[in-house]
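> Please see the structure below; I have some questions.
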Amino acid sequence: MSIYDTLNPEQRRAVEHDRGPLLILAGAGSGKTRVLTHRIAYLIEERNVSPFQILALTFTNKAAREMRERVDKIVSYGAQNVWVSTFHSSCVRFLRRFIHLLGYDRNFTVYDTDDQKTLMREVCKYLNIDTKTMKERTLMNVVSSAKDELTSPEEYAKNAEGDYTKTQYARVYAEYQKRLKTNNALDFDDIIFKTVELFRTQPEALSYYQRRFRYIMVDEYQDTNTAQFLLISLLANSENEYGETEHNLCVVGDDDQSIYKFRGANIHNILDFEKQYPDAAVIKLEQNYRSTTNILDTANAVIRNNLGRKDKELWTANGKGSPVVFTQFESDYEEAEAIVSDIAGTIQEEPDTASYHDFAILYRTNAQSRVFEEKLIFRGIPYKIIGSINFYQRKEIKDVLAYLKTIDGGADSIAVKRIINVPKRGIGQTTIDRIDTYAAEAGMSFYDSLHHTGEIPGIGRAAAKLSSFVALIESLKSRLSSCGSSLSSIVETLLDETGYLDEIRENEDDQTAADRMANIDELINKLAAYEENAEEAPTLSDFLAEVALVADVDNLTGDSDCVVLMTLHSAKGLEFPHVYLCGMEDGVFPGYMSINAENPELEIEEERRLCYVGITRAMKTLRLSAAHMRMVRGEAQYNRPSRFIDEIPRHLLNIRGINRSASLLPDDAFPQSSIRGAKPSGYGQSGKNPPYSLSGGSYGAGNYSYPSSGKYGTGFPRPLSATEFDRPDPTKAARPIRQFDSKNLAPLGYGIGDTVQHVKFGTGLVTNVVQGGRDYEITVDFPSAGTKKMLAGFAKLKKI
DNA sequence: CCATTACACATTTTT
DNA sequence: TGTGTAATGG
């Protein structure tokens with residue numbers, strides 16, 4: 001019996017497809033990694049393909065690591081010669097070899113988001129751009145999208161002609177790019193962008209890799225952006241031994257799991273694969289090995305509402321399993337309490353079968369984790385939050401890395417400026433600005449101008465401090481190059497000599513100081529491990545680049561027994577026996593940003609895919625929940641349950657709710673998530689829709705909304721205890737639902753062409769009124785503030 | 001130059 | 001709510 005016998009027919013067909021383009025549409029949990037790894041084994045063992053000729057590209061280090069391990073396990077020989085790595089790491093390796101052809105130095109550094117932001121701030125300052133009207137964040141997105149679309153600064157400028165804002169963007173982009181190059185740095189997008197540029201302009205570099213990689217596999221193909229798409233297309237264009245062009249390209253993905261449009265992912269890359277390669281074979285993997293029938297039916301029911309997707313439906317031979325539960329709680333607080341106590345209860349009841357790491361709490365935004373954290377701490381349940389605070393983004397780590405970058409070359413001015421006054425050396429902003437000006441005029445790098453302090457006007461007393469800083473860096477530099485000290489020992493030396501550790505000890509409270517020291521220790525360990533394991537000669541640049549390309553989820557290992565909390569985005573690719581998908585409310589999930597977007601249909605579809613991803617993470621049980629009231633940024637918000645809940649057929653859901661008497665509810669239906677203390681000033685004074693009961697079977701039949709009074713605690717009944725998951729209290733009836741009809745919006749009192757008064761912007765002309773789901777979106781031209789789009793519910797416009 | 005305070009501001013984020 | 005940046009005064 002061969003290893004291929006364990007595959008189902010579709011999987012097997014995919015594995016045995018050895019030549020030409022192949023698209024594998026792999027639904028969630030359909031065993032795509034298995035297919036990829038078995039296909040690698042098959043090519044090597046049955047088709048005599050050299051392991052050196054195989055390239056497997058992933059998005060995350062975690063995925064790359066997993067694939068690497070599994071390839072090593074099933075491929076009998078030469079497994080380590082298969083190139084398995086992320087897009088970015090691969091491109092860094094390509095660029096280390098050839099980037100000099102593009103005028104960069106081969107020991108370039110990689111800028112992470114923080115560095116990018118710092119650089120962008122400098123650019124704005126230099127170009128006199130008011131960061132109040134044009135935020136760095138926006139500018140970074142502009143530059144990032146431009147690069148994702150392979151638009152050079154010059155092209156961008158050309159396209160921007162005649163448009164003032166775009167012309168500004170073009171100036172920023174050009175200056176930003178210029179500075180990156182001066183600093184010999186690439187940002188994340190550059191890594192792909194520059195590789196494509198390399199392959200387009202340097203045929204030798206391209207054909208070198210085309211000849212090398214004859215079989216290319218791409219995981220999560222639905223998440224590729226235009227630049228990555230082109231990169232793949234260029235590489236997968238090799239010639240075989242008969243001089244024929246062949247496209248041995250195998251892409252795996254699921255259009256339903258495309259959730260990174262906001263980062264430039266282009267879903268058409270997967271949808272149009274067959275157009276690009278008319279001879280492509282297409283194989284659908286629809287059998288799911290992860291979840292129960294109930295969970296998959298729920299997932300299918302939701303995703304069915306998206307248009308323009310590849311037709312497919314997941315099924316499983318697993319049993320029906322327990323029903324999917326939806327509970328609406330009184331507040332986010334009670335939601336968290338119930339979920340945490342449910343986890344504790346399950347663990348207590350089934351200590352032999354359930355452990356903490358079987359449970360995942362998933363949410364839309366990182367901010368939602370806080371309540372859970374509180375409850376988990378209170379109960380003493382071990383947990384891990386995967387999230388925005390990446391190890392390598394911590395201040396102390398970034399400081400140490402900045403020191404290393406400075407020692408490594410000093411071309412990266414952002415790094416030098418970061419640590420020139422850390423710990424405090426009495427070198428302030430004015431001094432830095434003066435050096436900057438001098439450096440720009442003299443055409444040298446920031447660090448190099450530190451050697452010429454005598455010539456810099458206005459430096460005065462700071463000169464001595466600057467030279468002692470330079471002396472420190474130089475001594476570390478020589479220790480590294482001539483004495484052959486290890487990287488890790490250099491770090492120890494610099495921490496000691498700069499007094500960095502002392503500063504932490506003095507200025508932080510005991511706990512944070514201890515945390516920081518521990519982090520630094522861990523960094524030293526990682527450095528030492530890197531030096532030991534490096535394939536070739538370990539270099540500082542390589543370590544730094546590697547480190548810049550690490551995400552938080554990458555460090556999620558199964559070895560610690562913790563409940564895991566993370567955003568839906570981070571959860572992609574993972575699975576858990578028990579999943580809690582919380583915050584299922586309109587305005588939270590789908591987020592208000594998508595509901596109020598210019599193109600809500602499109603954005604809601606992306607949110608729906610996110611929902612699909614969340615649902616399909618669950619193996620055995622899935623609990624959906626919402627809160628009637630939620631504290632968001634210190635304000636109470638009242639949201640109706642998510643529209644995605646409506647999309648799940650009633651018979652699949654076990655609905656549990658909070659008890660509340662209908663008569664206590666005020667009549668106003670809020671147009672949008674409400675504001676603390678807001679007066680229910682004239683919205684939807686309908687009051688004529690009779691409440692109907694949840695148990696009456698009408699749940700999910702159409703539009704409805706929960707009315708709300710403003711402030712929590714005013715016209716609102718005292719919070720009642722939430723029904724516990726799994727243990728419905730029969731004394732508490734299902735909560736009543738009232739129907740809501742969007743046509744019942746209150747008349748606005750003004751319309752297009754009217755002049756209105758706004759609290760902040762003054763008077764303006766209404767140019768457009770669009771009726772959204774529960775509110776009007778008003779476009780107003782203000783002579784003072786420009787054109788603004790706002791929701792009638794928030795704007796409080798008055799006709800004049 | 002640096003500490004303090006006032007103020008504005010908030011999606012998601014594989015790399 | 002709580003964080004991170006801009007203005008202020010010592």
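In the structure tokens, each chain is lettered A, B, ... as it comes, each chain's residues begin at 1, and ligands are numbered from 1 in order of appearance.
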Excluding same-chain residues fewer than 3 positions from DT4 in chain B, what lies within 12 Å of it counting only C-alpha atoms (C1' of nucleotides), as a list in words?
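These residues fall inside the cut-off: DA7, DT8, DG9 and DG10 of chain C.
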> Restrict the distance test to only C-alpha atoms (C1' of nucleotides), flag each residue of chain C within 12 Å of chain A, and return the flagged residues as a list in words.
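Here they are: DT1, DG2, DT3, DT5 and DA6 of chain C.
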> Output the selection as an mmCIF file, in the first residue's frame - N, CA, C and O atoms (P, O5', C5', C4', C3', O3' and C1' of nucleotides) for each residue.

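Listing of selection.cif after writing:
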```
data_model
loop_
_atom_site.group_PDB
_atom_site.id
_atom_site.type_symbol
_atom_site.label_atom_id
_atom_site.label_comp_id
_atom_site.auth_asym_id
_atom_site.auth_seq_id
_atom_site.Cartn_x
_atom_site.Cartn_y
_atom_site.Cartn_z
ATOM 1 P P DT C 1 -13.544 54.984 31.701
ATOM 2 O "O5'" DT C 1 -13.117 53.551 31.170
ATOM 3 C "C5'" DT C 1 -13.780 52.984 30.010
ATOM 4 C "C4'" DT C 1 -12.722 52.357 29.085
ATOM 5 C "C3'" DT C 1 -11.301 52.680 29.525
ATOM 6 O "O3'" DT C 1 -10.649 51.415 29.714
ATOM 7 C "C1'" DT C 1 -11.665 53.414 27.263
ATOM 8 P P DG C 2 -9.047 51.421 29.833
ATOM 9 O "O5'" DG C 2 -8.588 51.717 28.319
ATOM 10 C "C5'" DG C 2 -7.719 50.849 27.622
ATOM 11 C "C4'" DG C 2 -6.669 51.687 26.927
ATOM 12 C "C3'" DG C 2 -5.698 52.350 27.914
ATOM 13 O "O3'" DG C 2 -4.406 52.505 27.383
ATOM 14 C "C1'" DG C 2 -6.671 53.962 26.613
ATOM 15 P P DT C 3 -3.312 51.601 27.070
ATOM 16 O "O5'" DT C 3 -2.711 51.998 25.628
ATOM 17 C "C5'" DT C 3 -3.411 51.707 24.433
ATOM 18 C "C4'" DT C 3 -3.082 52.767 23.396
ATOM 19 C "C3'" DT C 3 -1.629 53.279 23.455
ATOM 20 O "O3'" DT C 3 -1.098 53.272 22.146
ATOM 21 C "C1'" DT C 3 -3.120 55.077 23.445
ATOM 22 P P DT C 5 2.927 58.020 18.216
ATOM 23 O "O5'" DT C 5 2.619 59.483 17.655
ATOM 24 C "C5'" DT C 5 1.366 59.794 17.026
ATOM 25 C "C4'" DT C 5 0.990 61.227 17.325
ATOM 26 C "C3'" DT C 5 2.146 62.223 17.197
ATOM 27 O "O3'" DT C 5 1.691 63.330 16.428
ATOM 28 C "C1'" DT C 5 1.053 62.497 19.266
ATOM 29 P P DA C 6 2.634 64.570 16.121
ATOM 30 O "O5'" DA C 6 1.995 65.672 17.068
ATOM 31 C "C5'" DA C 6 0.748 66.272 16.718
ATOM 32 C "C4'" DA C 6 0.497 67.448 17.633
ATOM 33 C "C3'" DA C 6 1.550 68.554 17.550
ATOM 34 O "O3'" DA C 6 0.886 69.802 17.497
ATOM 35 C "C1'" DA C 6 1.389 67.749 19.784
#
```
> Assign secondary structure with DSSP using the backbone only, and return the residues of range 353-593 of chain A in alpha helix (DSSP H) as a VMD selection string.
chain A and resid 369 to 379 395 to 408 413 to 419 429 to 442 446 to 449 462 to 481 487 to 498 500 to 507 510 to 533 540 to 548 568 to 571 592 to 593
> Residues of chain A that approach chain B to 9 Å or less, counting only C-alpha atoms (C1' of nucleotides): could you list each one with the shortest pair of atoms and its distance in Å to one decimal, rows by chain and increasing residue number, as a Markdown table?

```
| residue | atom | partner | partner_atom | distance |
| --- | --- | --- | --- | --- |
| A:Thr58 | CA | B:DT14 | C1' | 9.0 |
| A:Phe59 | CA | B:DT14 | C1' | 5.3 |
| A:Thr60 | CA | B:DT14 | C1' | 5.1 |
| A:Asn61 | CA | B:DT14 | C1' | 8.4 |
| A:Thr86 | CA | B:DT15 | C1' | 8.4 |
| A:Phe87 | CA | B:DT15 | C1' | 8.1 |
| A:His88 | CA | B:DT15 | C1' | 6.2 |
| A:Ser89 | CA | B:DT15 | C1' | 8.7 |
| A:Asp112 | CA | B:DT15 | C1' | 8.8 |
| A:Phe188 | CA | B:DT15 | C1' | 6.1 |
| A:Asp189 | CA | B:DT15 | C1' | 8.4 |
| A:Asp223 | CA | B:DT14 | C1' | 8.9 |
| A:Ile259 | CA | B:DT12 | C1' | 8.7 |
| A:Tyr260 | CA | B:DT13 | C1' | 8.2 |
| A:Phe262 | CA | B:DT12 | C1' | 8.1 |
| A:Arg263 | CA | B:DT13 | C1' | 7.4 |
| A:Arg364 | CA | B:DT12 | C1' | 7.1 |
| A:Thr365 | CA | B:DT11 | C1' | 6.5 |
| A:Asn366 | CA | B:DT12 | C1' | 8.8 |
| A:Ser388 | CA | B:DT13 | C1' | 8.4 |
| A:Gly426 | CA | B:DC1 | C1' | 6.6 |
| A:Ile427 | CA | B:DC1 | C1' | 7.7 |
| A:Gly428 | CA | B:DC1 | C1' | 5.9 |
| A:Gln429 | CA | B:DC1 | C1' | 8.3 |
| A:Thr430 | CA | B:DC1 | C1' | 9.0 |
| A:Ala548 | CA | B:DT15 | C1' | 8.3 |
| A:Leu549 | CA | B:DT15 | C1' | 5.4 |
| A:Val550 | CA | B:DT15 | C1' | 7.3 |
| A:Ala551 | CA | B:DT15 | C1' | 7.5 |
| A:Val553 | CA | B:DT14 | C1' | 8.8 |
| A:Thr567 | CA | B:DT12 | C1' | 8.0 |
| A:Leu568 | CA | B:DT12 | C1' | 8.3 |
| A:His569 | CA | B:DT12 | C1' | 6.7 |
| A:Ser570 | CA | B:DT14 | C1' | 7.9 |
| A:Gly591 | CA | B:DT11 | C1' | 7.1 |
| A:Tyr592 | CA | B:DT11 | C1' | 8.6 |
| A:Met593 | CA | B:DT11 | C1' | 7.0 |
| A:Ser594 | CA | B:DT11 | C1' | 8.9 |
| A:Arg633 | CA | B:DA10 | C1' | 8.2 |
```
> Write to file, as a compact mmCIF listing (two decimals), in the first residue's frame, the residues of the selection just made, with N, CA and C atoms.

```
# COMPACT_ATOMS: atom_id res chain seq x y z
N THR A 58 4.35 30.03 0.28
CA THR A 58 3.25 30.23 1.22
C THR A 58 3.24 31.70 1.63
N PHE A 59 2.25 32.06 2.43
CA PHE A 59 2.19 33.44 2.91
C PHE A 59 2.80 33.59 4.29
N THR A 60 2.58 32.59 5.12
CA THR A 60 3.06 32.72 6.50
C THR A 60 4.23 31.77 6.77
N ASN A 61 5.04 32.18 7.69
CA ASN A 61 6.14 31.32 8.13
C ASN A 61 5.60 30.03 8.71
N THR A 86 8.16 31.39 2.39
CA THR A 86 7.14 32.41 2.14
C THR A 86 7.54 33.25 0.93
N PHE A 87 6.57 33.93 0.39
CA PHE A 87 6.84 34.86 -0.71
C PHE A 87 7.98 35.80 -0.34
N HIS A 88 7.84 36.39 0.84
CA HIS A 88 8.79 37.43 1.21
C HIS A 88 10.19 36.88 1.46
N SER A 89 10.29 35.77 2.18
CA SER A 89 11.63 35.21 2.41
C SER A 89 12.27 34.79 1.11
N ASP A 112 9.93 47.32 8.77
CA ASP A 112 8.60 46.87 9.17
C ASP A 112 7.67 48.09 9.23
N PHE A 188 8.05 46.04 3.17
CA PHE A 188 7.48 44.74 2.82
C PHE A 188 7.04 44.67 1.36
N ASP A 189 6.40 45.73 0.91
CA ASP A 189 5.89 45.71 -0.46
C ASP A 189 7.02 45.75 -1.48
N ASP A 223 -5.09 34.85 -1.98
CA ASP A 223 -4.60 36.03 -1.27
C ASP A 223 -3.48 36.75 -2.01
N ILE A 259 -9.68 37.03 2.31
CA ILE A 259 -10.04 38.01 3.34
C ILE A 259 -9.01 39.11 3.45
N TYR A 260 -8.16 39.24 2.46
CA TYR A 260 -7.13 40.27 2.56
C TYR A 260 -7.18 41.28 1.43
N PHE A 262 -8.13 44.19 1.63
CA PHE A 262 -7.62 45.48 2.14
C PHE A 262 -6.10 45.55 2.09
N ARG A 263 -5.45 44.42 1.92
CA ARG A 263 -4.00 44.45 1.75
C ARG A 263 -3.61 44.23 0.30
N ARG A 364 -13.81 39.88 15.76
CA ARG A 364 -13.50 40.66 14.57
C ARG A 364 -12.31 41.60 14.79
N THR A 365 -12.32 42.27 15.94
CA THR A 365 -11.27 43.26 16.18
C THR A 365 -10.51 42.96 17.47
N ASN A 366 -9.26 43.30 17.47
CA ASN A 366 -8.41 43.04 18.63
C ASN A 366 -8.95 43.63 19.92
N SER A 388 -1.90 41.94 17.81
CA SER A 388 -1.13 43.01 17.20
C SER A 388 0.27 43.22 17.79
N GLY A 426 21.38 62.90 26.25
CA GLY A 426 21.31 64.35 26.11
C GLY A 426 21.41 64.81 24.66
N ILE A 427 21.05 63.91 23.74
CA ILE A 427 21.01 64.32 22.33
C ILE A 427 19.55 64.49 21.95
N GLY A 428 19.13 65.71 21.72
CA GLY A 428 17.71 65.98 21.51
C GLY A 428 17.32 66.18 20.06
N GLN A 429 16.06 66.51 19.90
CA GLN A 429 15.48 66.64 18.56
C GLN A 429 16.20 67.70 17.74
N THR A 430 16.49 68.84 18.38
CA THR A 430 17.12 69.93 17.61
C THR A 430 18.47 69.49 17.05
N ALA A 548 12.40 40.56 10.67
CA ALA A 548 11.39 41.54 10.26
C ALA A 548 10.19 40.86 9.63
N LEU A 549 10.38 39.63 9.21
CA LEU A 549 9.32 38.95 8.46
C LEU A 549 8.57 37.93 9.31
N VAL A 550 8.59 38.10 10.60
CA VAL A 550 7.90 37.17 11.49
C VAL A 550 6.59 37.78 12.01
N ALA A 551 5.55 37.00 12.00
CA ALA A 551 4.26 37.46 12.53
C ALA A 551 3.97 36.77 13.85
N VAL A 553 1.24 35.03 14.85
CA VAL A 553 0.67 33.69 14.76
C VAL A 553 1.73 32.64 14.51
N THR A 567 -8.08 37.32 16.39
CA THR A 567 -9.01 37.85 15.40
C THR A 567 -9.28 36.77 14.36
N LEU A 568 -10.36 36.97 13.63
CA LEU A 568 -10.71 36.02 12.59
C LEU A 568 -9.62 35.93 11.54
N HIS A 569 -8.99 37.06 11.28
CA HIS A 569 -7.92 37.04 10.28
C HIS A 569 -6.78 36.12 10.70
N SER A 570 -6.39 36.24 11.95
CA SER A 570 -5.29 35.41 12.42
C SER A 570 -5.66 33.93 12.44
N GLY A 591 -18.35 44.80 10.33
CA GLY A 591 -17.93 46.05 10.95
C GLY A 591 -18.62 47.25 10.34
N TYR A 592 -18.74 48.30 11.13
CA TYR A 592 -19.44 49.48 10.64
C TYR A 592 -18.75 50.06 9.42
N MET A 593 -17.42 49.88 9.35
CA MET A 593 -16.69 50.40 8.21
C MET A 593 -17.17 49.78 6.91
N SER A 594 -17.47 48.51 6.96
CA SER A 594 -17.90 47.85 5.73
C SER A 594 -19.35 48.18 5.41
N ARG A 633 -15.02 51.85 23.20
CA ARG A 633 -14.30 53.09 23.48
C ARG A 633 -15.02 53.91 24.54
```
> Have a look at CA of Thr346 in chain A and CA of Leu565 in chain A and let me know their distance in Å, one decimal.
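Computed distance, CA of Thr346 in chain A to CA of Leu565 in chain A, equals 17.3 Å.
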> Leaving out range 372-378 of chain A and any residue of its chain fewer than 6 positions from it, which residues lie within 10 Å of it when counting only C-alpha atoms (C1' of nucleotides), given as a list in words?
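Using only C-alpha atoms (C1' of nucleotides), the neighbours found are Asp332, Tyr333, Glu334, Glu335, Ala336, Glu337, Ala338, Ile339, Val340, Ser341, Ile343, Ala344, Ile361, Lys384, Ile385, Val563 and Leu565 of chain A.
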> Selection from above, N, CA and C atoms, as a PDB file, in the first residue's frame, can you write it?

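What follows is the written file selection_8.pdb:
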```pdb
ATOM      1  N   ASP A 332     -21.637  42.807  26.418  1.00  0.00           N
ATOM      2  CA  ASP A 332     -20.383  42.151  26.061  1.00  0.00           C
ATOM      3  C   ASP A 332     -19.746  41.496  27.282  1.00  0.00           C
ATOM      4  N   TYR A 333     -19.979  42.120  28.410  1.00  0.00           N
ATOM      5  CA  TYR A 333     -19.457  41.644  29.670  1.00  0.00           C
ATOM      6  C   TYR A 333     -20.028  40.264  29.993  1.00  0.00           C
ATOM      7  N   GLU A 334     -21.350  40.152  29.833  1.00  0.00           N
ATOM      8  CA  GLU A 334     -21.992  38.866  30.114  1.00  0.00           C
ATOM      9  C   GLU A 334     -21.647  37.826  29.063  1.00  0.00           C
ATOM     10  N   GLU A 335     -21.460  38.298  27.857  1.00  0.00           N
ATOM     11  CA  GLU A 335     -21.038  37.389  26.794  1.00  0.00           C
ATOM     12  C   GLU A 335     -19.720  36.736  27.192  1.00  0.00           C
ATOM     13  N   ALA A 336     -18.784  37.560  27.615  1.00  0.00           N
ATOM     14  CA  ALA A 336     -17.472  37.047  28.002  1.00  0.00           C
ATOM     15  C   ALA A 336     -17.590  36.120  29.208  1.00  0.00           C
ATOM     16  N   GLU A 337     -18.361  36.541  30.170  1.00  0.00           N
ATOM     17  CA  GLU A 337     -18.551  35.751  31.374  1.00  0.00           C
ATOM     18  C   GLU A 337     -19.092  34.356  31.036  1.00  0.00           C
ATOM     19  N   ALA A 338     -20.113  34.336  30.189  1.00  0.00           N
ATOM     20  CA  ALA A 338     -20.738  33.054  29.843  1.00  0.00           C
ATOM     21  C   ALA A 338     -19.777  32.151  29.077  1.00  0.00           C
ATOM     22  N   ILE A 339     -19.047  32.748  28.149  1.00  0.00           N
ATOM     23  CA  ILE A 339     -18.132  31.942  27.349  1.00  0.00           C
ATOM     24  C   ILE A 339     -17.030  31.361  28.224  1.00  0.00           C
ATOM     25  N   VAL A 340     -16.464  32.213  29.063  1.00  0.00           N
ATOM     26  CA  VAL A 340     -15.383  31.750  29.918  1.00  0.00           C
ATOM     27  C   VAL A 340     -15.874  30.690  30.903  1.00  0.00           C
ATOM     28  N   SER A 341     -17.081  30.901  31.441  1.00  0.00           N
ATOM     29  CA  SER A 341     -17.556  29.911  32.399  1.00  0.00           C
ATOM     30  C   SER A 341     -17.948  28.619  31.677  1.00  0.00           C
ATOM     31  N   ILE A 343     -16.336  27.425  29.122  1.00  0.00           N
ATOM     32  CA  ILE A 343     -15.069  26.719  28.916  1.00  0.00           C
ATOM     33  C   ILE A 343     -14.649  26.030  30.213  1.00  0.00           C
ATOM     34  N   ALA A 344     -14.691  26.793  31.291  1.00  0.00           N
ATOM     35  CA  ALA A 344     -14.309  26.223  32.588  1.00  0.00           C
ATOM     36  C   ALA A 344     -15.188  25.020  32.912  1.00  0.00           C
ATOM     37  N   ILE A 361     -11.399  31.485  21.108  1.00  0.00           N
ATOM     38  CA  ILE A 361     -12.362  32.582  21.096  1.00  0.00           C
ATOM     39  C   ILE A 361     -11.961  33.505  19.959  1.00  0.00           C
ATOM     40  N   LYS A 384      -3.900  32.626  25.778  1.00  0.00           N
ATOM     41  CA  LYS A 384      -2.902  33.322  24.984  1.00  0.00           C
ATOM     42  C   LYS A 384      -3.631  34.180  23.964  1.00  0.00           C
ATOM     43  N   ILE A 385      -3.273  35.422  23.925  1.00  0.00           N
ATOM     44  CA  ILE A 385      -3.869  36.310  22.935  1.00  0.00           C
ATOM     45  C   ILE A 385      -2.895  36.459  21.782  1.00  0.00           C
ATOM     46  N   VAL A 563      -6.179  28.548  26.395  1.00  0.00           N
ATOM     47  CA  VAL A 563      -7.267  28.980  25.541  1.00  0.00           C
ATOM     48  C   VAL A 563      -6.686  30.041  24.610  1.00  0.00           C
ATOM     49  N   LEU A 565      -7.064  33.207  22.018  1.00  0.00           N
ATOM     50  CA  LEU A 565      -7.920  34.307  21.597  1.00  0.00           C
ATOM     51  C   LEU A 565      -7.272  35.004  20.415  1.00  0.00           C
TER      52      LEU A 565
END
```
> Between A:Tyr750, A:Gly657, A:Cys250, A:Glu69, which is the closest to Val282 in chain A once you count only C-alpha atoms?
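Counting only C-alpha atoms, the residue closest to Val282 in chain A is A:Cys250.
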> Show me, as a ChimeraX atom specification, the residues that have an atom within 7 Å of Thr109 in chain A when counting only C-alpha atoms (C1' of nucleotides), minus same-chain residues fewer than 2 positions from it.
/A:107,111,184-186,541,545
> Can you work out the spacing between CA of Asp115 in chain A and CA of Val416 in chain A in Å, to one decimal?
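Those two atoms sit 11.6 Å apart.
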